[in-house]
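Student: Supplied in structure tokens, the structure appears directly below.
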Amino acid sequence: MIKVVKVDNATEAADKAFEVMKEYIKPGKVLGLATGSTPLGLYERMVKDHKENGTSYKEIKTFNLDEYVGLPITHPESYYAFMHRNLFDQIDIIEENTHVPSGLGEDLEAQAKHYDEMIDKDPVDIQLLGIGSDGHIAFNEPGTPFDSGTHVTDLAESTIRDNCRFFDNDMSKVPTQSVTQGIGTIMKAKNILLIATGANKAQAVKDMIEGPVDEACPASVLQKHPNVIVIVDEAAASMLK
Ligand code: GLP
């Protein structure tokens with residue numbers, strides 16, 4: 001079931017997301033984390049809360065959703081680097097307790113399988129998600145089977161176009177493949193928190209919430225999950241009934 005929380009703008013969305021997330025920043029919890037520009041406001045609030053209130057991450061584990069294939073972790077746009085820059089390096093989390101899928105190595109499919117095994121051992125208490133303009137979650141593009149595990153996949157052209165702003169606006173610099181948690185992996189999380197802001201997400205938000213549950217809109221699978229909160233700002237909610 002999806003609970004929709006409408007707010008005015010991205011700042012309020014981050015405030016609300018932090019309010020939800022705060023309940024899970026406790027010893028023993030497992031957080032599922034996401035990249036993209038949408039979660040940045042939430043991460044800023046988590047960092048501020050750690051610095052000002054001493055909220056500790058020492059006994060928290062994290063699993064990220066995805067990573068580009070072939071991008072060195074030292075590349076500033078690798079999701080590994082993104083997470084370290086925007087969150088991990090600014091809180092007291094223990095490196096060994098953080099997990100970002102690796103897009104480098106000899107056997108990416110075997111590594112992906114191992115990633116799912118690690119998640120099965122430490123089930124995710126709350127999974128944070130953004131949404132792509134084509135309705136993708138993590139890098140599960142339209143057509144991805146709902147029962148998929150972590151796997152290697154091609155990026156849709158629209159996603160390459162959306163993400164080229166991080167690569168000098170040059171589509172040829174955007175990696176064409178990623179390793180991503182599958183839709184089946186994401187659905188195992190006990191709770192899901194999805195944030196969507198901005199007008200370019202309006203159609204995807206409508207399809208996710210009001211459309212049929214169909215692989216053409218990967219996020220529509222969330223209608224089948226028992227505990228989902230979707231925080232939308234006015235622009236992203238503009239096409240909802
Ligand atoms: C990327 C990520 C997704 C993210 C999406 C939206 O493709 N793999 O996890 O939700 O883009 O990104 P943004 O928040 O920057 O709009």
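Naming works like this for the structure tokens: A, B, ... for the chains as they're shown, residue 1 at the start of each chain, ligands 1 onward in shown order.
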Within 7 Å of region 105-121 of chain A, counting only C-alpha atoms, which residues qualify if same-chain residues fewer than 4 places away don't, as number ranges by chain?
Tutor: A: 101, 149-152
Student: Which residues sit within 6 Å of ligand 1, counting only C-alpha atoms and all ligand atoms, listed as a VMD selection string?
Tutor: chain A and resid 34 to 38 129 to 132 137 to 139 159
Student: Region 29-232 of chain A: which residues are helix (DSSP H, G or I) by DSSP, as a VMD selection string?
Tutor: chain A and resid 40 to 53 79 to 86 88 to 90 95 to 97 108 to 121 157 to 166 171 to 173 183 to 187 199 to 210 218 to 224
Student: Which residue is closest to Val230 (chain A)? Choose from A:Ser56, A:Gln127, A:Thr74, A:Ser178 and count only C-alpha atoms.
Tutor: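 Among the listed residues, the smallest separation from Val230 (chain A) belongs to A:Gln127.
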Student: Would you kindly return, as a PyMOL selection string, each protein, DNA or RNA residue with an atom no farther than 9 Å from any atom of Met21 (chain A), considering only C-alpha atoms and excluding same-chain residues fewer than 2 positions away?
Tutor: chain A and resi 16-19+23-25+31+42+46+126+128+193
Student: Please provide the set of residues having any atom within 9 Å of region 236-241 of chain A, restricted to only C-alpha atoms, with same-chain residues fewer than 2 positions apart removed, written as number ranges by chain.
Tutor: A: 6, 196-206, 209-210, 232-234
